[in-house]
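Everything below concerns the one structure shown next.
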Amino acid sequence: MSTIAAISTPNAAGGIGIVKISGPDAISVADRVFAAVGSKKLSDLPGYSVRFGHVHDGDNELDQAVAIIYRAPKSYTGEDVVELQCHGGLYLMQQILRLCLENGAVPAEPGEFTKRAFLNGKMDLTEAESVMTLISAHGRQAADAAFGVLSGSLSGEINDIKDTFISAAAHMSAWVDYPDDEIPELDFEALKVEFTDAKSKLLSLIDNFDAGQAITEGIPTVIVGKPNVGKSTLMNLLLGRERSIVTEVAGTTRDVVEETARIGNVVLRLSDTAGIRESDDLVESIGIEYAKSKLNHSSLILAMIDGSNPLDEEDIAILEACKGKPSICILNKNDLGSTVTEKDVEAYVSKVLSISAKNKDSFEVLRESLEDILGTADFDTSAAMLINERQLNCCKKAVACIDEAISAIEMGLTMDAVNVSVDAAIEPLLELTGERVSDAVVNEVFSKFCVGK
């Protein structure tokens, strides 16, 4: 195993910068570039030692620094680790990293420190994946939810479910393989109850996935409507500042304006789009095509209708595109009177609101509706939760196999037939926690990490 090094602090000037070194030669590499005050080398010190000294290039001292030593296996990666804490100038950090690389280390790949922690058994794959979620958390709830997964909330839930099936599979295999031994036959009805309970737990994780994503990752959200219905005014209301240009001229917004807004417990990755209509203007037409694309690929649609005017064909076309998707129809301009009612549009969307986007009090109405439709109002951040599509797909595969096992029991099939489905259910659960996962999956997971973590 090579010894890796990377800058573990952001790529910006700061009071402190950290170069992290991990691997079998981490301490000897650090000894070549760091001299502690006094005569002792870092290699002579036990783990959890801290020394003040200088980073040097031969006779040339570059900076004062603090070296922290962690000896295997009691470190983040499970290997020998040294952190050199220096002054956080960009040029200075690059020079210190270069020194480490010239003295025996190799550049760390994205996420390689956490990848080594996973490979060395310091954390499972769900806990490793939560590290980047915690780093990128937009607020308190997102951080609490990610920390819960890092602390093992999801692992504990999955391991309990997995143990149920492993125990059942072992018992069935023993009963089939050793018929002459006095192994009690399994009670299939009791087994069915256990499988149904496990399935319910997995379905609960699946059902809460979208709410968890809204809190931890944010929801891709598109604001759509005809020109001049108030889309940009709504965008500015949600952001709490003027970001989109607002005029009475139809077609003012010609491109997609993108921003991130925190609305109560929810993070929205907002796209304010060009007004959807027929247009001979080339530039506006391109913006309209972008708007249609965003409409088809966003996870949440805020469809704006001018509630003071009757619905027309363009309004209906937009509402038709909302069918079957999480969506809120916003009947805007209720300060001008209401021509369109909730009953006129409720068949197309998940929820209907009548507001004036010019009125700042409308923000609270929107917040409550968003938390309601996304299920985040009473979200328990301490509970187990799935944080990405990989984990979600593993749970869905397991549920499908559990259904097959339950069906086999109900149909009175042999124990061998039931056991095949039970074994199949175990596989995606092992993949979820990383106990049985391909190198390709592991590499894909950690490729999304930043270098230095």
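If you're wondering about the labels, chains in the structure tokens are A, B, ... by order shown, residues count from 1 in each chain, ligands from 1 in order shown.
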
Just the alpha helix (DSSP H) stuff from range 251-443 of chain A, please, per backbone DSSP, written as a short mmCIF file (atom, residue, chain, number, x, y, z; two decimals) with N, CA, C and O atoms, in the first residue's frame.
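Output file selection.cif follows:
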data_model
loop_
_atom_site.label_atom_id
_atom_site.label_comp_id
_atom_site.auth_asym_id
_atom_site.auth_seq_id
_atom_site.Cartn_x
_atom_site.Cartn_y
_atom_site.Cartn_z
N LEU A 282 -35.77 34.12 -31.74
CA LEU A 282 -34.84 32.99 -31.67
C LEU A 282 -34.29 32.80 -30.26
O LEU A 282 -34.27 31.68 -29.74
N VAL A 283 -33.82 33.89 -29.64
CA VAL A 283 -33.22 33.79 -28.30
C VAL A 283 -34.26 33.33 -27.28
O VAL A 283 -34.01 32.44 -26.46
N GLU A 284 -35.47 33.93 -27.35
CA GLU A 284 -36.51 33.54 -26.41
C GLU A 284 -36.91 32.08 -26.63
O GLU A 284 -37.17 31.35 -25.67
N SER A 285 -36.94 31.63 -27.88
CA SER A 285 -37.32 30.24 -28.19
C SER A 285 -36.36 29.25 -27.57
O SER A 285 -36.76 28.19 -27.07
N ILE A 286 -35.06 29.59 -27.59
CA ILE A 286 -34.07 28.72 -26.96
C ILE A 286 -34.32 28.63 -25.46
O ILE A 286 -34.27 27.56 -24.85
N GLY A 287 -34.62 29.79 -24.84
CA GLY A 287 -34.92 29.80 -23.40
C GLY A 287 -36.16 28.99 -23.08
O GLY A 287 -36.22 28.30 -22.05
N ILE A 288 -37.16 29.03 -23.97
CA ILE A 288 -38.38 28.26 -23.75
C ILE A 288 -38.11 26.77 -23.83
O ILE A 288 -38.65 25.98 -23.04
N GLU A 289 -37.24 26.36 -24.75
CA GLU A 289 -36.87 24.93 -24.83
C GLU A 289 -36.14 24.48 -23.58
O GLU A 289 -36.35 23.36 -23.09
N TYR A 290 -35.26 25.34 -23.03
CA TYR A 290 -34.59 25.03 -21.76
C TYR A 290 -35.63 24.87 -20.66
O TYR A 290 -35.54 23.97 -19.81
N ALA A 291 -36.63 25.74 -20.65
CA ALA A 291 -37.68 25.69 -19.62
C ALA A 291 -38.43 24.37 -19.69
O ALA A 291 -38.71 23.74 -18.67
N LYS A 292 -38.76 23.93 -20.90
CA LYS A 292 -39.48 22.66 -21.08
C LYS A 292 -38.62 21.48 -20.61
O LYS A 292 -39.13 20.52 -20.02
N SER A 293 -37.32 21.55 -20.89
CA SER A 293 -36.43 20.49 -20.43
C SER A 293 -36.37 20.42 -18.92
O SER A 293 -36.42 19.34 -18.32
N LYS A 294 -36.27 21.59 -18.26
CA LYS A 294 -36.26 21.65 -16.80
C LYS A 294 -37.58 21.11 -16.23
O LYS A 294 -37.60 20.42 -15.21
N LEU A 295 -38.67 21.41 -16.89
CA LEU A 295 -39.98 20.94 -16.45
C LEU A 295 -40.04 19.42 -16.42
O LEU A 295 -40.61 18.82 -15.51
N ASN A 296 -39.43 18.80 -17.42
CA ASN A 296 -39.48 17.33 -17.52
C ASN A 296 -38.52 16.62 -16.58
O ASN A 296 -38.73 15.46 -16.27
N HIS A 297 -37.47 17.31 -16.13
CA HIS A 297 -36.42 16.63 -15.37
C HIS A 297 -36.27 17.08 -13.92
O HIS A 297 -35.42 16.56 -13.20
N GLU A 313 -55.05 27.77 -23.20
CA GLU A 313 -54.43 26.52 -23.65
C GLU A 313 -53.00 26.37 -23.14
O GLU A 313 -52.57 25.26 -22.83
N GLU A 314 -52.26 27.46 -23.08
CA GLU A 314 -50.87 27.39 -22.60
C GLU A 314 -50.83 27.03 -21.12
O GLU A 314 -49.97 26.25 -20.67
N ASP A 315 -51.74 27.59 -20.32
CA ASP A 315 -51.83 27.23 -18.90
C ASP A 315 -52.13 25.74 -18.75
O ASP A 315 -51.50 25.04 -17.94
N ILE A 316 -53.11 25.26 -19.52
CA ILE A 316 -53.52 23.85 -19.42
C ILE A 316 -52.37 22.93 -19.82
O ILE A 316 -52.13 21.89 -19.18
N ALA A 317 -51.60 23.30 -20.85
CA ALA A 317 -50.46 22.48 -21.28
C ALA A 317 -49.43 22.36 -20.16
O ALA A 317 -48.85 21.28 -19.94
N ILE A 318 -49.18 23.46 -19.47
CA ILE A 318 -48.23 23.44 -18.34
C ILE A 318 -48.76 22.56 -17.22
O ILE A 318 -48.03 21.75 -16.64
N LEU A 319 -50.05 22.69 -16.91
CA LEU A 319 -50.66 21.89 -15.85
C LEU A 319 -50.66 20.40 -16.21
O LEU A 319 -50.44 19.55 -15.35
N GLU A 320 -50.88 20.08 -17.46
CA GLU A 320 -50.85 18.69 -17.91
C GLU A 320 -49.48 18.07 -17.66
O GLU A 320 -49.37 16.89 -17.30
N ALA A 321 -48.43 18.86 -17.84
CA ALA A 321 -47.06 18.37 -17.64
C ALA A 321 -46.77 18.09 -16.17
O ALA A 321 -45.80 17.40 -15.83
N CYS A 322 -47.60 18.63 -15.27
CA CYS A 322 -47.40 18.43 -13.82
C CYS A 322 -48.01 17.13 -13.32
O CYS A 322 -47.69 16.69 -12.20
N GLU A 342 -59.30 26.98 -7.05
CA GLU A 342 -58.55 25.76 -6.76
C GLU A 342 -59.16 24.56 -7.49
O GLU A 342 -58.44 23.68 -7.97
N LYS A 343 -60.48 24.50 -7.57
CA LYS A 343 -61.14 23.36 -8.22
C LYS A 343 -60.78 23.28 -9.70
O LYS A 343 -60.78 22.20 -10.29
N ASP A 344 -60.46 24.42 -10.31
CA ASP A 344 -60.13 24.44 -11.74
C ASP A 344 -58.81 23.72 -12.03
O ASP A 344 -58.59 23.25 -13.16
N VAL A 345 -57.90 23.64 -11.04
CA VAL A 345 -56.55 23.13 -11.30
C VAL A 345 -56.15 21.95 -10.42
O VAL A 345 -55.12 21.32 -10.66
N SER A 362 -46.50 35.83 1.91
CA SER A 362 -46.74 34.60 1.15
C SER A 362 -45.63 33.57 1.37
O SER A 362 -45.82 32.38 1.12
N PHE A 363 -44.47 34.04 1.85
CA PHE A 363 -43.34 33.13 2.07
C PHE A 363 -43.71 32.02 3.06
O PHE A 363 -43.40 30.86 2.84
N GLU A 364 -44.38 32.38 4.15
CA GLU A 364 -44.73 31.39 5.17
C GLU A 364 -45.73 30.37 4.63
O GLU A 364 -45.67 29.19 4.95
N VAL A 365 -46.67 30.83 3.81
CA VAL A 365 -47.64 29.92 3.20
C VAL A 365 -46.91 28.92 2.30
O VAL A 365 -47.20 27.72 2.32
N LEU A 366 -45.95 29.41 1.54
CA LEU A 366 -45.16 28.54 0.68
C LEU A 366 -44.33 27.55 1.49
O LEU A 366 -44.24 26.37 1.15
N ARG A 367 -43.73 28.03 2.56
CA ARG A 367 -42.89 27.16 3.39
C ARG A 367 -43.70 25.98 3.93
O ARG A 367 -43.27 24.83 3.85
N GLU A 368 -44.87 26.28 4.48
CA GLU A 368 -45.70 25.21 5.05
C GLU A 368 -46.11 24.21 3.98
O GLU A 368 -46.12 23.00 4.22
N SER A 369 -46.44 24.69 2.81
CA SER A 369 -46.87 23.80 1.73
C SER A 369 -45.72 22.93 1.23
O SER A 369 -45.90 21.74 0.97
N LEU A 370 -44.54 23.51 1.13
CA LEU A 370 -43.37 22.75 0.68
C LEU A 370 -43.01 21.66 1.68
O LEU A 370 -42.73 20.51 1.30
N GLU A 371 -43.00 22.00 2.96
CA GLU A 371 -42.67 21.00 3.98
C GLU A 371 -43.72 19.89 4.01
O GLU A 371 -43.40 18.72 4.25
N ASP A 372 -44.96 20.25 3.73
CA ASP A 372 -46.04 19.26 3.73
C ASP A 372 -45.90 18.31 2.54
O ASP A 372 -45.96 17.09 2.70
N ILE A 373 -45.70 18.85 1.35
CA ILE A 373 -45.65 18.02 0.15
C ILE A 373 -44.39 17.15 0.10
O ILE A 373 -44.40 16.04 -0.44
N LEU A 374 -43.30 17.63 0.70
CA LEU A 374 -42.05 16.87 0.69
C LEU A 374 -41.86 16.02 1.94
O LEU A 374 -40.90 15.27 2.04
N GLU A 389 -28.98 7.34 -4.16
CA GLU A 389 -29.69 6.42 -5.03
C GLU A 389 -29.14 5.00 -4.92
O GLU A 389 -29.89 4.02 -5.07
N ARG A 390 -27.85 4.86 -4.70
CA ARG A 390 -27.26 3.51 -4.56
C ARG A 390 -27.91 2.77 -3.41
O ARG A 390 -28.32 1.61 -3.54
N GLN A 391 -28.02 3.42 -2.27
CA GLN A 391 -28.63 2.80 -1.11
C GLN A 391 -30.11 2.52 -1.36
O GLN A 391 -30.63 1.46 -0.98
N LEU A 392 -30.79 3.45 -2.02
CA LEU A 392 -32.22 3.26 -2.33
C LEU A 392 -32.42 2.03 -3.21
O LEU A 392 -33.31 1.21 -2.96
N ASN A 393 -31.59 1.89 -4.24
CA ASN A 393 -31.73 0.74 -5.14
C ASN A 393 -31.47 -0.58 -4.43
O ASN A 393 -32.13 -1.59 -4.72
N CYS A 394 -30.51 -0.59 -3.51
CA CYS A 394 -30.23 -1.81 -2.73
C CYS A 394 -31.46 -2.22 -1.92
O CYS A 394 -31.82 -3.41 -1.86
N CYS A 395 -32.11 -1.25 -1.31
CA CYS A 395 -33.30 -1.54 -0.52
C CYS A 395 -34.44 -2.05 -1.39
O CYS A 395 -35.17 -2.98 -1.02
N LYS A 396 -34.60 -1.45 -2.56
CA LYS A 396 -35.66 -1.89 -3.46
C LYS A 396 -35.43 -3.32 -3.94
O LYS A 396 -36.37 -4.12 -4.04
N LYS A 397 -34.18 -3.67 -4.23
CA LYS A 397 -33.86 -5.04 -4.64
C LYS A 397 -34.17 -6.02 -3.51
O LYS A 397 -34.72 -7.10 -3.75
N ALA A 398 -33.82 -5.64 -2.30
CA ALA A 398 -34.07 -6.52 -1.15
C ALA A 398 -35.56 -6.73 -0.96
O ALA A 398 -36.01 -7.85 -0.69
N VAL A 399 -36.36 -5.66 -1.09
CA VAL A 399 -37.81 -5.78 -0.92
C VAL A 399 -38.40 -6.72 -1.97
O VAL A 399 -39.28 -7.55 -1.66
N ALA A 400 -37.93 -6.62 -3.22
CA ALA A 400 -38.43 -7.51 -4.27
C ALA A 400 -38.14 -8.97 -3.93
O ALA A 400 -39.00 -9.85 -4.13
N CYS A 401 -36.96 -9.24 -3.39
CA CYS A 401 -36.60 -10.62 -3.03
C CYS A 401 -37.41 -11.10 -1.82
O CYS A 401 -37.78 -12.28 -1.74
N ILE A 402 -37.66 -10.21 -0.87
CA ILE A 402 -38.48 -10.57 0.30
C ILE A 402 -39.90 -10.93 -0.15
O ILE A 402 -40.50 -11.88 0.34
N ASP A 403 -40.43 -10.15 -1.10
CA ASP A 403 -41.75 -10.46 -1.64
C ASP A 403 -41.78 -11.87 -2.23
O ASP A 403 -42.76 -12.62 -2.07
N GLU A 404 -40.72 -12.23 -2.93
CA GLU A 404 -40.64 -13.58 -3.52
C GLU A 404 -40.60 -14.64 -2.43
O GLU A 404 -41.24 -15.70 -2.56
N ALA A 405 -39.86 -14.37 -1.36
CA ALA A 405 -39.77 -15.34 -0.26
C ALA A 405 -41.13 -15.51 0.42
O ALA A 405 -41.55 -16.64 0.73
N ILE A 406 -41.83 -14.40 0.65
CA ILE A 406 -43.16 -14.46 1.28
C ILE A 406 -44.14 -15.21 0.36
O ILE A 406 -44.94 -16.04 0.82
N SER A 407 -44.08 -14.94 -0.94
CA SER A 407 -44.95 -15.63 -1.89
C SER A 407 -44.67 -17.13 -1.90
O SER A 407 -45.60 -17.95 -1.98
N ALA A 408 -43.37 -17.49 -1.82
CA ALA A 408 -43.01 -18.91 -1.81
C ALA A 408 -43.59 -19.62 -0.59
O ALA A 408 -44.06 -20.76 -0.67
N ILE A 409 -43.57 -18.93 0.56
CA ILE A 409 -44.15 -19.50 1.79
C ILE A 409 -45.67 -19.66 1.61
O ILE A 409 -46.24 -20.70 1.94
N GLU A 410 -46.32 -18.61 1.10
CA GLU A 410 -47.78 -18.65 0.94
C GLU A 410 -48.22 -19.71 -0.07
O GLU A 410 -49.31 -20.28 0.07
N MET A 415 -38.68 -25.75 1.20
CA MET A 415 -37.76 -24.89 1.94
C MET A 415 -36.62 -24.43 1.05
O MET A 415 -36.11 -23.30 1.19
N ASP A 416 -36.19 -25.29 0.13
CA ASP A 416 -35.13 -24.91 -0.80
C ASP A 416 -35.54 -23.69 -1.62
O ASP A 416 -34.74 -22.76 -1.82
N ALA A 417 -36.77 -23.69 -2.10
CA ALA A 417 -37.27 -22.59 -2.92
C ALA A 417 -37.32 -21.29 -2.11
O ALA A 417 -36.97 -20.21 -2.61
N VAL A 418 -37.77 -21.39 -0.87
CA VAL A 418 -37.81 -20.20 0.00
C VAL A 418 -36.40 -19.69 0.25
O VAL A 418 -36.13 -18.48 0.21
N ASN A 419 -35.48 -20.61 0.45
CA ASN A 419 -34.11 -20.24 0.79
C ASN A 419 -33.42 -19.50 -0.35
O ASN A 419 -32.58 -18.63 -0.13
N VAL A 420 -33.77 -19.85 -1.61
CA VAL A 420 -33.18 -19.15 -2.75
C VAL A 420 -33.52 -17.66 -2.69
O VAL A 420 -32.67 -16.79 -2.89
N SER A 421 -34.79 -17.34 -2.38
CA SER A 421 -35.21 -15.94 -2.29
C SER A 421 -34.59 -15.25 -1.09
O SER A 421 -34.26 -14.06 -1.14
N VAL A 422 -34.44 -15.99 0.01
CA VAL A 422 -33.82 -15.41 1.21
C VAL A 422 -32.37 -15.06 0.93
O VAL A 422 -31.90 -13.96 1.28
N ASP A 423 -31.64 -15.97 0.28
CA ASP A 423 -30.25 -15.68 -0.09
C ASP A 423 -30.16 -14.47 -1.00
O ASP A 423 -29.25 -13.63 -0.87
N ALA A 424 -31.12 -14.37 -1.93
CA ALA A 424 -31.12 -13.23 -2.86
C ALA A 424 -31.38 -11.92 -2.13
O ALA A 424 -30.86 -10.86 -2.53
N ALA A 425 -32.18 -11.95 -1.07
CA ALA A 425 -32.46 -10.73 -0.29
C ALA A 425 -31.24 -10.27 0.49
O ALA A 425 -31.06 -9.06 0.73
N ILE A 426 -30.42 -11.22 0.90
CA ILE A 426 -29.22 -10.89 1.69
C ILE A 426 -28.21 -10.11 0.85
O ILE A 426 -27.54 -9.19 1.34
N GLU A 427 -28.08 -10.46 -0.44
CA GLU A 427 -27.05 -9.88 -1.30
C GLU A 427 -27.11 -8.35 -1.38
O GLU A 427 -26.10 -7.68 -1.15
N PRO A 428 -28.26 -7.73 -1.70
CA PRO A 428 -28.28 -6.26 -1.77
C PRO A 428 -28.05 -5.58 -0.42
O PRO A 428 -27.57 -4.45 -0.35
N LEU A 429 -28.40 -6.28 0.68
CA LEU A 429 -28.15 -5.70 2.01
C LEU A 429 -26.65 -5.70 2.31
O LEU A 429 -26.13 -4.74 2.90
N LEU A 430 -25.96 -6.76 1.89
CA LEU A 430 -24.50 -6.80 2.04
C LEU A 430 -23.84 -5.75 1.15
O LEU A 430 -22.85 -5.12 1.53
N GLU A 431 -24.41 -5.54 -0.03
CA GLU A 431 -23.89 -4.51 -0.93
C GLU A 431 -24.10 -3.12 -0.35
O GLU A 431 -23.25 -2.24 -0.47
N LEU A 432 -25.24 -2.92 0.30
CA LEU A 432 -25.56 -1.61 0.86
C LEU A 432 -24.52 -1.19 1.89
O LEU A 432 -24.04 -0.05 1.88
N THR A 433 -24.16 -2.09 2.78
CA THR A 433 -23.19 -1.76 3.83
C THR A 433 -21.74 -1.92 3.37
O THR A 433 -20.82 -1.54 4.09
N ASP A 439 -15.40 -3.71 -6.74
CA ASP A 439 -14.44 -2.60 -6.76
C ASP A 439 -14.99 -1.42 -7.54
O ASP A 439 -14.73 -0.25 -7.20
N ALA A 440 -15.76 -1.71 -8.60
CA ALA A 440 -16.31 -0.64 -9.42
C ALA A 440 -17.26 0.24 -8.61
O ALA A 440 -17.23 1.47 -8.73
N VAL A 441 -18.08 -0.38 -7.76
CA VAL A 441 -19.01 0.38 -6.94
C VAL A 441 -18.24 1.22 -5.92
O VAL A 441 -18.54 2.40 -5.71
N VAL A 442 -17.25 0.62 -5.28
CA VAL A 442 -16.44 1.33 -4.29
C VAL A 442 -15.76 2.53 -4.93
O VAL A 442 -15.77 3.65 -4.39
N ASN A 443 -15.16 2.32 -6.09
CA ASN A 443 -14.47 3.42 -6.78
C ASN A 443 -15.44 4.53 -7.16
O ASN A 443 -15.11 5.72 -7.06
#

So that I can check the surroundings of Gly434 in chain A, please list as a tab-separated table (two decimals) with all heavy atoms, in the first residue's frame every protein, DNA and RNA residue that reaches within 8 Å of it, counting only C-alpha atoms and ignoring chain neighbours fewer than 4 positions away.
chain	number	residue	atom	x	y	z
A	124	ASP	N	-18.32	1.36	7.71
A	124	ASP	CA	-18.89	0.65	6.58
A	124	ASP	C	-19.20	1.64	5.47
A	124	ASP	O	-18.95	2.85	5.60
A	124	ASP	CB	-20.11	-0.19	6.98
A	124	ASP	CG	-21.34	0.65	7.32
A	124	ASP	OD1	-21.38	1.84	6.98
A	124	ASP	OD2	-22.26	0.09	7.95
A	125	LEU	N	-19.75	1.15	4.34
A	125	LEU	CA	-19.90	2.01	3.18
A	125	LEU	C	-20.97	3.09	3.40
A	125	LEU	O	-20.83	4.21	2.90
A	125	LEU	CB	-20.26	1.16	1.95
A	125	LEU	CG	-20.00	1.80	0.58
A	125	LEU	CD1	-18.57	2.29	0.47
A	125	LEU	CD2	-20.31	0.82	-0.54
A	126	THR	N	-22.01	2.78	4.15
A	126	THR	CA	-23.04	3.80	4.41
A	126	THR	C	-22.46	4.94	5.25
A	126	THR	O	-22.77	6.11	5.02
A	126	THR	CB	-24.26	3.21	5.13
A	126	THR	OG1	-23.89	2.75	6.44
A	126	THR	CG2	-24.85	2.04	4.35
A	430	LEU	N	-25.96	-6.76	1.89
A	430	LEU	CA	-24.50	-6.80	2.04
A	430	LEU	C	-23.84	-5.75	1.15
A	430	LEU	O	-22.85	-5.12	1.53
A	430	LEU	CB	-23.96	-8.18	1.69
A	430	LEU	CG	-24.31	-9.33	2.65
A	430	LEU	CD1	-23.89	-10.67	2.05
A	430	LEU	CD2	-23.65	-9.13	4.01

Could you name the residues that touch Ile27 in chain A at 7 Å or less, counting only C-alpha atoms, but leaving out those on the same chain fewer than 3 positions away, as a short mmCIF file (atom, residue, chain, number, x, y, z; two decimals) with N, CA, C and O atoms, in the first residue's frame?
data_model
loop_
_atom_site.label_atom_id
_atom_site.label_comp_id
_atom_site.auth_asym_id
_atom_site.auth_seq_id
_atom_site.Cartn_x
_atom_site.Cartn_y
_atom_site.Cartn_z
N ALA A 30 7.07 12.31 6.95
CA ALA A 30 6.97 13.53 7.76
C ALA A 30 8.30 13.88 8.39
O ALA A 30 8.65 15.08 8.48
N ASP A 31 9.07 12.88 8.83
CA ASP A 31 10.38 13.15 9.43
C ASP A 31 11.33 13.82 8.45
O ASP A 31 12.23 14.58 8.85
N LEU A 42 9.81 12.23 14.85
CA LEU A 42 8.43 11.79 14.98
C LEU A 42 8.35 10.27 15.10
O LEU A 42 7.48 9.72 15.78
N SER A 43 9.27 9.58 14.43
CA SER A 43 9.27 8.12 14.45
C SER A 43 9.58 7.56 15.84
O SER A 43 9.32 6.38 16.11
N ASP A 80 -0.91 4.47 9.74
CA ASP A 80 -0.15 5.57 10.33
C ASP A 80 -0.53 6.86 9.61
O ASP A 80 -0.58 6.90 8.37
N VAL A 82 -0.01 11.28 9.73
CA VAL A 82 0.58 12.51 10.27
C VAL A 82 -0.15 13.70 9.66
O VAL A 82 -0.35 13.74 8.44
#

Problem set entry | Coordinates-based distance that separates CA of Ser75 in chain A from CA of Asp44 in chain A (Å, one decimal) | 17.6 Å

For this session: Skip Ala146 in chain A itself and residues of its chain fewer than 5 positions away, then list as a VMD selection string all residues within 9 Å of it, counting only C-alpha atoms.
Result: chain A and resid 127 130 to 135 137 141 151 216 381 385 387
